[in-house]
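Working notes, structure below.
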Amino acid sequence: MRAWGMTDVGLKRHENQDTYAFETFGAPDTVVAVVCDGMGGVNGGQLASSLAVSTFMEELHARAHVDMTEEQVREMESLCVRQANGAVYARSLEGEEYHGMGTTLVSAIVSPDAAIVCNVGDSRAYHIGKNGITRVTRDHSVVESLIESGNITPEEARTHPNRNLITRALGPDKDIECDLFTIPFARGDSLLLCSDGLIVTAEDREILENVRAEADGERALARLMQLAIDRGAPDNVTIVLIRNEEEVERQDG
């Protein structure tokens, strides 16, 4: 199991309000990762995303133990997200400049057999396997609701005037509901977490093509980042890639 991460302020923003973290966790074959995209003023968005990431990771370290069942991991991840929400919400009450600040969050705890993914907002997780690319998460956004109701198409959503409006985030409310997903994760599979800065510039098939084009994860992320920049990168762009790498056969002699 290997992981890589990359972030860029983009071409239109003056501050990068995205924050991410990843690490090998517990056993060497388990990776935890989290991506947050902040919102709420010049200072609030960056504070919200960084506080959410640090709280999530701290809570995970405090609660994780060996031999956890899948259901225990799901419950722990959900609890860590709720604790991150509480931390952002509490900080937002400390000063007028932070009032209403918030952040999206997408996280994953990935073992060689399964990936447990959690999300709030419109940062996404994609599973890339032998059958192609599949979006794991569902956006909590205005345009996602419009797509589901049949009022607009996914293509129209990419340029919709309300594409940046989300319906759920960490921070604005004391309590939060997150979505949890468990997916199989086989040898050779990848999981990609990203902020919406990538989504508005790259189509799903292009994400698939660029991840598959490079055996090295760092170069795969660099290709995706360059694609976003070439297309104007109107927002911060953050990408984390986790790979369940194929075992390399060795021959003696």
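Here's how to read the names in the structure tokens: chain A, B, ... by the order shown, residue numbers from 1 in each chain, ligand numbers from 1 in the order shown.
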
From segment 109-186 of chain A, collect each residue whose DSSP state is strand (DSSP E or B) and return the set as JSON, numbers by chain. {"A": [109, 110, 114, 115, 116, 117, 118, 119, 120, 124, 125, 126, 127, 128, 129, 132, 133, 134, 135, 141, 166, 170, 179, 180, 181, 182, 183, 184]}

Might you pull out every residue within 12 Å of Asn236 of chain A, with only C-alpha atoms counted and same-chain residues fewer than 6 positions away left off, and present them as a VMD selection string? chain A and resid 6 to 19 35 to 39 45 to 46 123 194 to 201 225 228 to 229

Would you work out the distance separating atom CA of Glu59 of chain A from atom CA of Cys80 of chain A, expressed in Å to one decimal?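 One can read the atom CA of Glu59 of chain A to atom CA of Cys80 of chain A distance as 5.6 Å.
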
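Non-sequential neighbours of Leu191 of chain A (distance at most 8 Å, separation of 6 or more positions within a chain, only C-alpha atoms) are Ala125, Tyr126, His127, Ile128, Leu241, Ile242 and Arg243 of chain A.
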
Separation of atom CA of Ala220 of chain A from atom CA of Phe181 of chain A in Å: 24.9 Å

Within 10 Å of Trp4 of chain A, counting only C-alpha atoms, which residues show up once you throw out same-chain ones fewer than 5 positions away? Write them as a ChimeraX atom specification, please. /A:21-23,33,192,216-221,239-243

Between A:Ala157, A:Cys118, A:Ile152, A:Val81, which residue has the minimum interatomic distance to Asp175 of chain A, considering only C-alpha atoms?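 The shortest atom-to-atom distance to Asp175 of chain A comes from A:Val81.
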
Hey, which of A:Val88, A:Leu193, A:Leu93, A:Leu105 ends up closest to Arg135 of chain A? Count only C-alpha atoms. A:Leu193

Could you state the separation of atom CA of Gly171 of chain A and atom CA of Gln83 of chain A in Å, given to one decimal place? 10.4 Å

Selection: 12 Å around Gly95 of chain A, only C-alpha atoms, excl. self and same-chain fewer than 5 positions, as a PDB file with all heavy atoms, in the first residue's frame:
```pdb
ATOM      1  N   ASN A  43      -9.598  34.215   6.170  1.00  0.00           N
ATOM      2  CA  ASN A  43      -8.926  33.393   7.172  1.00  0.00           C
ATOM      3  C   ASN A  43      -9.710  32.142   7.538  1.00  0.00           C
ATOM      4  O   ASN A  43      -9.146  31.109   7.853  1.00  0.00           O
ATOM      5  CB  ASN A  43      -8.677  34.218   8.438  1.00  0.00           C
ATOM      6  CG  ASN A  43      -7.769  35.403   8.205  1.00  0.00           C
ATOM      7  OD1 ASN A  43      -6.757  35.276   7.534  1.00  0.00           O
ATOM      8  ND2 ASN A  43      -8.131  36.558   8.740  1.00  0.00           N
ATOM      9  N   GLY A  44     -11.032  32.237   7.524  1.00  0.00           N
ATOM     10  CA  GLY A  44     -11.854  31.161   8.024  1.00  0.00           C
ATOM     11  C   GLY A  44     -11.712  29.855   7.284  1.00  0.00           C
ATOM     12  O   GLY A  44     -11.659  28.782   7.893  1.00  0.00           O
ATOM     13  N   TYR A  89     -16.727  23.942  14.554  1.00  0.00           N
ATOM     14  CA  TYR A  89     -17.888  24.682  15.051  1.00  0.00           C
ATOM     15  C   TYR A  89     -17.516  25.506  16.288  1.00  0.00           C
ATOM     16  O   TYR A  89     -17.869  26.692  16.394  1.00  0.00           O
ATOM     17  CB  TYR A  89     -19.015  23.718  15.389  1.00  0.00           C
ATOM     18  CG  TYR A  89     -20.220  24.376  16.022  1.00  0.00           C
ATOM     19  CD1 TYR A  89     -21.124  25.096  15.248  1.00  0.00           C
ATOM     20  CD2 TYR A  89     -20.452  24.275  17.397  1.00  0.00           C
ATOM     21  CE1 TYR A  89     -22.230  25.707  15.823  1.00  0.00           C
ATOM     22  CE2 TYR A  89     -21.551  24.880  17.984  1.00  0.00           C
ATOM     23  CZ  TYR A  89     -22.432  25.596  17.202  1.00  0.00           C
ATOM     24  OH  TYR A  89     -23.526  26.205  17.774  1.00  0.00           O
ATOM     25  N   ALA A  90     -16.783  24.889  17.223  1.00  0.00           N
ATOM     26  CA  ALA A  90     -16.395  25.598  18.443  1.00  0.00           C
ATOM     27  C   ALA A  90     -15.509  26.794  18.128  1.00  0.00           C
ATOM     28  O   ALA A  90     -15.677  27.879  18.706  1.00  0.00           O
ATOM     29  CB  ALA A  90     -15.680  24.637  19.392  1.00  0.00           C
ATOM     30  N   GLY A 100     -19.534  31.289  10.768  1.00  0.00           N
ATOM     31  CA  GLY A 100     -20.021  30.619   9.571  1.00  0.00           C
ATOM     32  C   GLY A 100     -18.972  29.883   8.769  1.00  0.00           C
ATOM     33  O   GLY A 100     -19.277  29.349   7.702  1.00  0.00           O
ATOM     34  N   MET A 101     -17.718  29.823   9.254  1.00  0.00           N
ATOM     35  CA  MET A 101     -16.700  29.121   8.482  1.00  0.00           C
ATOM     36  C   MET A 101     -16.993  27.625   8.470  1.00  0.00           C
ATOM     37  O   MET A 101     -17.690  27.084   9.332  1.00  0.00           O
ATOM     38  CB  MET A 101     -15.309  29.374   9.060  1.00  0.00           C
ATOM     39  CG  MET A 101     -15.011  28.662  10.365  1.00  0.00           C
ATOM     40  SD  MET A 101     -13.300  28.990  10.894  1.00  0.00           S
ATOM     41  CE  MET A 101     -13.193  27.952  12.360  1.00  0.00           C
TER      42      MET A 101
END
```

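Here the question is which of A:Glu245, A:Glu177, A:Glu94, A:Glu156 gets nearest to Arg82 of chain A using only C-alpha atoms, and that residue is A:Glu177.
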
Any idea what's packed within 12 Å of His160 of chain A, counting only C-alpha atoms, ignoring anything in its chain fewer than 4 positions away? Could you give it as a PDB file with C-alpha atoms, in the first residue's frame?
```pdb
ATOM      1  CA  SER A 141     -24.460  20.106  -3.254  1.00  0.00           C
ATOM      2  CA  VAL A 142     -27.172  22.036  -5.026  1.00  0.00           C
ATOM      3  CA  VAL A 143     -26.195  20.745  -8.475  1.00  0.00           C
ATOM      4  CA  GLU A 144     -26.114  17.120  -7.301  1.00  0.00           C
ATOM      5  CA  LEU A 146     -30.623  19.022  -9.483  1.00  0.00           C
ATOM      6  CA  ILE A 147     -28.998  16.105 -11.308  1.00  0.00           C
ATOM      7  CA  ASN A 151     -33.469  19.063 -13.874  1.00  0.00           C
ATOM      8  CA  ILE A 152     -29.921  19.227 -15.249  1.00  0.00           C
ATOM      9  CA  THR A 153     -27.404  16.795 -16.714  1.00  0.00           C
ATOM     10  CA  PRO A 154     -23.962  16.057 -15.222  1.00  0.00           C
ATOM     11  CA  GLU A 155     -22.446  17.986 -18.138  1.00  0.00           C
ATOM     12  CA  GLU A 156     -24.611  21.044 -17.376  1.00  0.00           C
ATOM     13  CA  ASN A 164     -20.093  25.900  -5.807  1.00  0.00           C
ATOM     14  CA  LEU A 165     -23.053  25.808  -3.391  1.00  0.00           C
ATOM     15  CA  VAL A 200     -14.343  21.319 -12.405  1.00  0.00           C
TER      16      VAL A 200
END
```

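Compared by their closest atoms to Gly40 of chain A, and using only C-alpha atoms, the residues A:Glu96, A:Glu70, A:Asp189, A:Glu77 rank with A:Glu96 nearest.
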
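Ranking A:Thr238, A:Thr24, A:Ser145, A:Thr30 by their shortest atom-to-atom distance to Thr167 of chain A, with only C-alpha atoms included, puts A:Ser145 first.
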
In terms of only C-alpha atoms, the residue from A:Asp29, A:Ile109, A:Ser49, A:Asn85 at minimal distance from Gln72 of chain A is A:Ile109

When DSSP works through the backbone of this structure, what residues of segment 183-251 of chain A end up as helix (DSSP H, G or I), shown as an MDAnalysis selection string? chainID A and resid 196:199 204:213 217:230
